[in-house]
>>> print(open('model_32.cif').read())   # mmCIF, C-alpha atoms
data_protein
loop_
_atom_site.label_atom_id
_atom_site.label_comp_id
_atom_site.auth_asym_id
_atom_site.auth_seq_id
_atom_site.Cartn_x
_atom_site.Cartn_y
_atom_site.Cartn_z
CA MET A 1 -15.88 10.68 -5.23
CA THR A 2 -14.95 7.15 -4.19
CA HIS A 3 -16.27 5.29 -1.17
CA TYR A 4 -12.77 5.09 0.32
CA ARG A 5 -12.15 8.80 -0.14
CA LEU A 6 -15.32 9.76 1.76
CA ASN A 7 -14.48 7.40 4.61
CA TYR A 8 -10.89 8.62 4.79
CA LEU A 9 -11.78 12.29 4.67
CA ASN A 10 -14.18 11.74 7.57
CA LEU A 11 -11.64 9.62 9.44
CA ILE A 12 -8.95 12.30 9.15
CA ARG A 13 -11.36 14.85 10.61
CA GLU A 14 -12.54 12.47 13.36
CA MET A 15 -8.93 11.89 14.41
CA GLY A 16 -8.62 15.63 14.94
CA TYR A 17 -6.44 16.44 11.94
CA ARG A 18 -7.01 19.27 9.53
CA LEU A 19 -8.10 18.38 6.05
CA THR A 20 -5.86 20.62 3.99
CA PRO A 21 -6.29 21.05 0.23
CA GLN A 22 -2.95 19.27 -0.23
CA ARG A 23 -4.13 16.24 1.75
CA GLN A 24 -7.38 16.17 -0.21
CA ILE A 25 -5.74 16.24 -3.63
CA ILE A 26 -3.11 13.66 -2.67
CA LEU A 27 -5.80 11.37 -1.24
CA ASP A 28 -7.84 11.81 -4.43
CA THR A 29 -4.80 10.94 -6.50
CA ILE A 30 -3.92 7.71 -4.68
CA CYS A 31 -7.57 6.67 -4.73
CA GLU A 32 -7.62 7.28 -8.50
CA GLN A 33 -4.40 5.28 -8.97
CA GLY A 34 -6.31 2.18 -7.92
CA GLY A 35 -3.14 0.22 -7.30
CA HIS A 36 0.44 0.78 -6.36
CA ALA A 37 2.25 4.01 -7.18
CA THR A 38 5.61 5.44 -6.28
CA ALA A 39 5.79 8.76 -4.47
CA ARG A 40 7.17 10.24 -7.68
CA GLU A 41 4.19 8.96 -9.69
CA VAL A 42 1.80 10.43 -7.12
CA TYR A 43 3.73 13.71 -7.17
CA GLU A 44 3.62 13.91 -10.98
CA ARG A 45 -0.13 13.29 -11.07
CA VAL A 46 -0.79 15.76 -8.25
CA ARG A 47 1.38 18.36 -9.97
CA GLN A 48 -0.75 18.08 -13.13
CA LYS A 49 -3.72 19.23 -11.05
CA THR A 50 -1.88 21.60 -8.72
CA PRO A 51 1.40 22.83 -10.23
CA SER A 52 2.32 24.80 -7.09
CA ILE A 53 2.61 21.70 -4.87
CA ASN A 54 6.16 20.65 -4.01
CA ARG A 55 7.65 17.18 -3.81
CA ALA A 56 8.36 17.39 -0.05
CA THR A 57 4.68 18.05 0.67
CA VAL A 58 3.63 14.96 -1.29
CA TYR A 59 6.17 12.77 0.55
CA ARG A 60 5.12 14.17 3.95
CA VAL A 61 1.42 13.62 3.22
CA LEU A 62 2.04 10.07 1.98
CA ASP A 63 3.92 9.30 5.22
CA PHE A 64 1.09 10.94 7.19
CA PHE A 65 -1.45 8.67 5.46
CA CYS A 66 0.70 5.64 6.30
CA GLU A 67 0.89 6.69 9.97
CA LEU A 68 -2.92 6.88 10.03
CA ASN A 69 -3.13 3.46 8.27
CA LEU A 70 -4.99 5.01 5.34
CA ALA A 71 -2.21 3.95 2.97
CA THR A 72 0.53 1.37 2.97
CA LYS A 73 4.15 1.69 1.97
CA THR A 74 5.59 -1.45 0.41
CA GLU A 75 8.88 -2.45 -1.15
CA LEU A 76 8.20 -4.29 -4.41
CA ASN A 77 10.97 -5.05 -6.88
CA GLY A 78 13.29 -2.45 -5.37
CA ARG A 79 10.67 0.32 -5.56
CA THR A 80 8.79 1.92 -2.69
CA LEU A 81 5.10 1.86 -3.56
CA TYR A 82 2.10 3.43 -1.88
CA GLU A 83 -1.40 2.02 -1.99
CA ILE A 84 -4.65 3.11 -0.42
CA VAL A 85 -5.75 0.61 2.22
CA GLY A 86 -8.86 -1.25 1.17
CA GLU A 87 -11.56 -2.70 3.34
CA GLU A 88 -9.87 -6.11 3.29
CA PRO A 89 -6.18 -6.54 4.10
CA HIS A 90 -4.15 -8.25 1.41
CA HIS A 91 -0.59 -9.26 0.74
CA HIS A 92 1.62 -9.77 -2.31
CA ILE A 93 3.79 -12.47 -3.79
CA VAL A 94 6.54 -11.15 -6.04
CA CYS A 95 8.83 -13.04 -8.41
CA ASN A 96 12.48 -12.20 -7.84
CA GLN A 97 13.27 -12.95 -11.47
CA CYS A 98 10.56 -11.39 -13.64
CA GLY A 99 9.02 -9.01 -11.10
CA GLN A 100 5.49 -10.34 -11.56
CA ALA A 101 3.34 -9.57 -8.53
CA ALA A 102 0.04 -11.07 -7.41
CA VAL A 103 -2.34 -10.32 -4.58
CA VAL A 104 -2.84 -12.94 -1.86
CA PRO A 105 -5.94 -12.60 0.37
CA ASP A 106 -5.39 -12.08 4.08
CA GLU A 107 -7.44 -15.19 4.92
CA TYR A 108 -4.58 -17.39 3.67
CA PHE A 109 -2.61 -16.34 6.73
CA ASN A 110 -5.25 -17.10 9.40
CA GLU A 111 -3.67 -20.45 10.23
CA LEU A 112 -0.22 -18.89 10.48
CA THR A 113 -1.34 -16.13 12.86
CA ALA A 114 -3.25 -18.69 14.97
CA HIS A 115 -0.13 -20.89 15.15
CA VAL A 116 2.09 -17.94 16.13
CA TRP A 117 -0.40 -17.06 18.88
CA GLN A 118 -0.67 -20.63 20.19
CA GLN A 119 3.05 -21.40 20.11
CA HIS A 120 4.48 -18.03 21.10
CA GLY A 121 1.69 -15.99 22.67
CA PHE A 122 2.38 -13.39 20.02
CA LYS A 123 -0.42 -11.61 18.18
CA ALA A 124 0.88 -11.12 14.65
CA GLU A 125 -0.46 -8.06 12.84
CA LEU A 126 -0.03 -8.85 9.19
CA LYS A 127 -1.07 -5.69 7.42
CA HIS A 128 0.57 -5.63 4.03
CA MET A 129 3.16 -8.31 3.60
CA VAL A 130 5.33 -9.03 0.56
CA ILE A 131 6.59 -12.56 -0.03
CA ALA A 132 9.45 -12.87 -2.48
CA GLY A 133 10.13 -16.03 -4.47
CA VAL A 134 10.13 -17.42 -8.00
CA CYS A 135 6.93 -17.73 -10.05
CA ARG A 136 5.89 -20.89 -11.87
CA HIS A 137 6.79 -19.45 -15.27
CA CYS A 138 10.36 -18.57 -14.23
CA GLN A 139 10.77 -21.97 -12.57
CA THR A 140 9.91 -23.71 -15.85
CA LEU A 141 12.44 -21.54 -17.70
CA ASN A 142 15.13 -22.24 -15.10
CA PRO A 143 14.31 -25.38 -13.07
CA ASN A 144 17.35 -24.89 -10.81
CA THR A 145 15.74 -21.92 -9.03
#
>>> encode(input="model_32.cif", output="structure tokens")
Amino acid sequence: MTHYRLNYLNLIREMGYRLTPQRQIILDTICEQGGHATAREVYERVRQKTPSINRATVYRVLDFFCELNLATKTELNGRTLYEIVGEEPHHHIVCNQCGQAAVVPDEYFNELTAHVWQQHGFKAELKHMVIAGVCRHCQTLNPNT
């Protein structure tokens, strides 16, 4: 049982929600994924363990986890991906040409959020941002991008 799973199971209960077997197995599955997974990928893995579960349940539970900020829903390369929220927020840079993605630590955006606050009085809540662009490799292949 992972550290995240224990914390999230307790958090769900503390927030007053029932911890159904479906929620438990879906949480286990996204914790096991370790990275990004589509709802379909989560459904297929869950179904291997619990063949009776239906697709709609998996989608509803994934959305429920996102509402509770236990998971994030991100668009990467035209795919909707779910990821368990870690202890440290992080963001992604994604190449529009080759689809390569990399993680960018949240601390890189401290100056930006401070500037937005100072200039606009707006407290930016950067939770799981995706920045699209062109990676170094693709730029060397096609310098006009």
>>> residues_around(input="model_32.cif", residues="A:Gly99", least_positions_apart="3", cutoff="12 Å", atoms="all atoms listed in the file", output="tab-separated table (two decimals) with C-alpha atoms, in the frame of the given file")
chain	number	residue	atom	x	y	z
A	75	GLU	CA	8.88	-2.45	-1.15
A	76	LEU	CA	8.20	-4.29	-4.41
A	77	ASN	CA	10.97	-5.05	-6.88
A	78	GLY	CA	13.29	-2.45	-5.37
A	79	ARG	CA	10.67	0.32	-5.56
A	92	HIS	CA	1.62	-9.77	-2.31
A	93	ILE	CA	3.79	-12.47	-3.79
A	94	VAL	CA	6.54	-11.15	-6.04
A	95	CYS	CA	8.83	-13.04	-8.41
A	96	ASN	CA	12.48	-12.20	-7.84
A	102	ALA	CA	0.04	-11.07	-7.41
A	131	ILE	CA	6.59	-12.56	-0.03
A	132	ALA	CA	9.45	-12.87	-2.48
A	133	GLY	CA	10.13	-16.03	-4.47
A	134	VAL	CA	10.13	-17.42	-8.00
A	135	CYS	CA	6.93	-17.73	-10.05
A	137	HIS	CA	6.79	-19.45	-15.27
A	138	CYS	CA	10.36	-18.57	-14.23
>>> residues_around(input="model_32.cif", residues="A:Gln48", least_positions_apart="6", cutoff="12 Å", atoms="all atoms listed in the file", output="ChimeraX atom specification")
/A:25-26,29,41-42,54
>>> atom_distance(input="model_32.cif", atom1="atom CA of A:Tyr43", atom2="atom CA of A:Asp106")
29.6 Å
>>> closest_residue(input="model_32.cif", among="A:Gln139, A:Asn144, A:Ser52, A:Gln33", to="A:Gln97", atoms="all atoms listed in the file")
A:Gln139
>>> residues_around(input="model_32.cif", residues="A:Leu9", least_positions_apart="2", cutoff="10 Å", atoms="all atoms listed in the file", output="VMD selection string")
chain A and resid 4 to 7 11 to 14 17 to 19 23 to 24 27 to 28 70
>>> atom_distance(input="model_32.cif", atom1="atom CA of A:Asn110", atom2="atom CA of A:Leu68")
24.1 Å
>>> resolve_selection(input="model_32.cif", expression="the PyMOL selection byres ((chain A and resi 104) around 6)", output="short mmCIF file (atom, residue, chain, number, x, y, z; two decimals) with C-alpha atoms, in the frame of the given file")
data_model
loop_
_atom_site.label_atom_id
_atom_site.label_comp_id
_atom_site.auth_asym_id
_atom_site.auth_seq_id
_atom_site.Cartn_x
_atom_site.Cartn_y
_atom_site.Cartn_z
CA HIS A 90 -4.15 -8.25 1.41
CA HIS A 91 -0.59 -9.26 0.74
CA HIS A 92 1.62 -9.77 -2.31
CA VAL A 103 -2.34 -10.32 -4.58
CA PRO A 105 -5.94 -12.60 0.37
#
>>> closest_residue(input="model_32.cif", among="A:Val116, A:Ala124, A:Ala37, A:Val61", to="A:Thr74", atoms="only C-alpha atoms")
A:Ala37
>>> build_atoms(input="model_32.cif", residues="stretch 86-110 of chain A", atoms="N, CA and C atoms", output="PDB file, in the coordinates of the input")
ATOM      1  N   GLY A  86      -7.493  -0.863   1.486  1.00  0.00           N
ATOM      2  CA  GLY A  86      -8.860  -1.250   1.170  1.00  0.00           C
ATOM      3  C   GLY A  86      -9.578  -1.742   2.418  1.00  0.00           C
ATOM      4  N   GLU A  87     -10.787  -2.181   2.212  1.00  0.00           N
ATOM      5  CA  GLU A  87     -11.560  -2.700   3.340  1.00  0.00           C
ATOM      6  C   GLU A  87     -11.022  -4.027   3.822  1.00  0.00           C
ATOM      7  N   GLU A  88     -10.437  -4.813   2.932  1.00  0.00           N
ATOM      8  CA  GLU A  88      -9.870  -6.110   3.290  1.00  0.00           C
ATOM      9  C   GLU A  88      -8.358  -6.067   3.166  1.00  0.00           C
ATOM     10  N   PRO A  89      -7.645  -6.483   4.216  1.00  0.00           N
ATOM     11  CA  PRO A  89      -6.180  -6.540   4.100  1.00  0.00           C
ATOM     12  C   PRO A  89      -5.784  -7.560   3.035  1.00  0.00           C
ATOM     13  N   HIS A  90      -4.670  -7.303   2.390  1.00  0.00           N
ATOM     14  CA  HIS A  90      -4.150  -8.250   1.410  1.00  0.00           C
ATOM     15  C   HIS A  90      -2.630  -8.179   1.399  1.00  0.00           C
ATOM     16  N   HIS A  91      -2.044  -9.149   0.778  1.00  0.00           N
ATOM     17  CA  HIS A  91      -0.590  -9.260   0.740  1.00  0.00           C
ATOM     18  C   HIS A  91      -0.177  -9.532  -0.707  1.00  0.00           C
ATOM     19  N   HIS A  92       1.125  -9.589  -0.947  1.00  0.00           N
ATOM     20  CA  HIS A  92       1.620  -9.770  -2.310  1.00  0.00           C
ATOM     21  C   HIS A  92       2.670 -10.870  -2.371  1.00  0.00           C
ATOM     22  N   ILE A  93       2.676 -11.587  -3.475  1.00  0.00           N
ATOM     23  CA  ILE A  93       3.790 -12.470  -3.790  1.00  0.00           C
ATOM     24  C   ILE A  93       4.463 -11.851  -5.014  1.00  0.00           C
ATOM     25  N   VAL A  94       5.795 -11.815  -4.985  1.00  0.00           N
ATOM     26  CA  VAL A  94       6.540 -11.150  -6.040  1.00  0.00           C
ATOM     27  C   VAL A  94       7.663 -12.054  -6.515  1.00  0.00           C
ATOM     28  N   CYS A  95       7.768 -12.221  -7.829  1.00  0.00           N
ATOM     29  CA  CYS A  95       8.830 -13.040  -8.410  1.00  0.00           C
ATOM     30  C   CYS A  95      10.130 -12.255  -8.433  1.00  0.00           C
ATOM     31  N   ASN A  96      11.170 -12.839  -7.864  1.00  0.00           N
ATOM     32  CA  ASN A  96      12.480 -12.200  -7.840  1.00  0.00           C
ATOM     33  C   ASN A  96      13.119 -12.111  -9.215  1.00  0.00           C
ATOM     34  N   GLN A  97      12.642 -12.918 -10.145  1.00  0.00           N
ATOM     35  CA  GLN A  97      13.270 -12.950 -11.470  1.00  0.00           C
ATOM     36  C   GLN A  97      12.571 -12.044 -12.481  1.00  0.00           C
ATOM     37  N   CYS A  98      11.263 -12.174 -12.623  1.00  0.00           N
ATOM     38  CA  CYS A  98      10.560 -11.390 -13.640  1.00  0.00           C
ATOM     39  C   CYS A  98       9.821 -10.181 -13.067  1.00  0.00           C
ATOM     40  N   GLY A  99       9.676 -10.140 -11.737  1.00  0.00           N
ATOM     41  CA  GLY A  99       9.020  -9.010 -11.100  1.00  0.00           C
ATOM     42  C   GLY A  99       7.507  -9.099 -11.060  1.00  0.00           C
ATOM     43  N   GLN A 100       6.946 -10.181 -11.587  1.00  0.00           N
ATOM     44  CA  GLN A 100       5.490 -10.340 -11.560  1.00  0.00           C
ATOM     45  C   GLN A 100       5.006 -10.341 -10.116  1.00  0.00           C
ATOM     46  N   ALA A 101       3.910  -9.636  -9.869  1.00  0.00           N
ATOM     47  CA  ALA A 101       3.340  -9.570  -8.530  1.00  0.00           C
ATOM     48  C   ALA A 101       1.879 -10.014  -8.580  1.00  0.00           C
ATOM     49  N   ALA A 102       1.430 -10.649  -7.515  1.00  0.00           N
ATOM     50  CA  ALA A 102       0.040 -11.070  -7.410  1.00  0.00           C
ATOM     51  C   ALA A 102      -0.446 -10.802  -5.995  1.00  0.00           C
ATOM     52  N   VAL A 103      -1.722 -10.577  -5.878  1.00  0.00           N
ATOM     53  CA  VAL A 103      -2.340 -10.320  -4.580  1.00  0.00           C
ATOM     54  C   VAL A 103      -2.732 -11.645  -3.941  1.00  0.00           C
ATOM     55  N   VAL A 104      -2.473 -11.761  -2.637  1.00  0.00           N
ATOM     56  CA  VAL A 104      -2.840 -12.940  -1.860  1.00  0.00           C
ATOM     57  C   VAL A 104      -3.793 -12.468  -0.752  1.00  0.00           C
ATOM     58  N   PRO A 105      -4.989 -13.028  -0.672  1.00  0.00           N
ATOM     59  CA  PRO A 105      -5.940 -12.600   0.370  1.00  0.00           C
ATOM     60  C   PRO A 105      -5.406 -12.843   1.778  1.00  0.00           C
ATOM     61  N   ASP A 106      -5.813 -12.000   2.682  1.00  0.00           N
ATOM     62  CA  ASP A 106      -5.390 -12.080   4.080  1.00  0.00           C
ATOM     63  C   ASP A 106      -5.794 -13.410   4.724  1.00  0.00           C
ATOM     64  N   GLU A 107      -6.921 -13.958   4.312  1.00  0.00           N
ATOM     65  CA  GLU A 107      -7.440 -15.190   4.920  1.00  0.00           C
ATOM     66  C   GLU A 107      -6.454 -16.356   4.810  1.00  0.00           C
ATOM     67  N   TYR A 108      -5.571 -16.315   3.827  1.00  0.00           N
ATOM     68  CA  TYR A 108      -4.580 -17.390   3.670  1.00  0.00           C
ATOM     69  C   TYR A 108      -3.635 -17.468   4.864  1.00  0.00           C
ATOM     70  N   PHE A 109      -3.567 -16.405   5.636  1.00  0.00           N
ATOM     71  CA  PHE A 109      -2.610 -16.340   6.730  1.00  0.00           C
ATOM     72  C   PHE A 109      -3.259 -16.552   8.100  1.00  0.00           C
ATOM     73  N   ASN A 110      -4.554 -16.876   8.129  1.00  0.00           N
ATOM     74  CA  ASN A 110      -5.250 -17.100   9.400  1.00  0.00           C
ATOM     75  C   ASN A 110      -4.608 -18.223  10.201  1.00  0.00           C
TER      76      ASN A 110
END
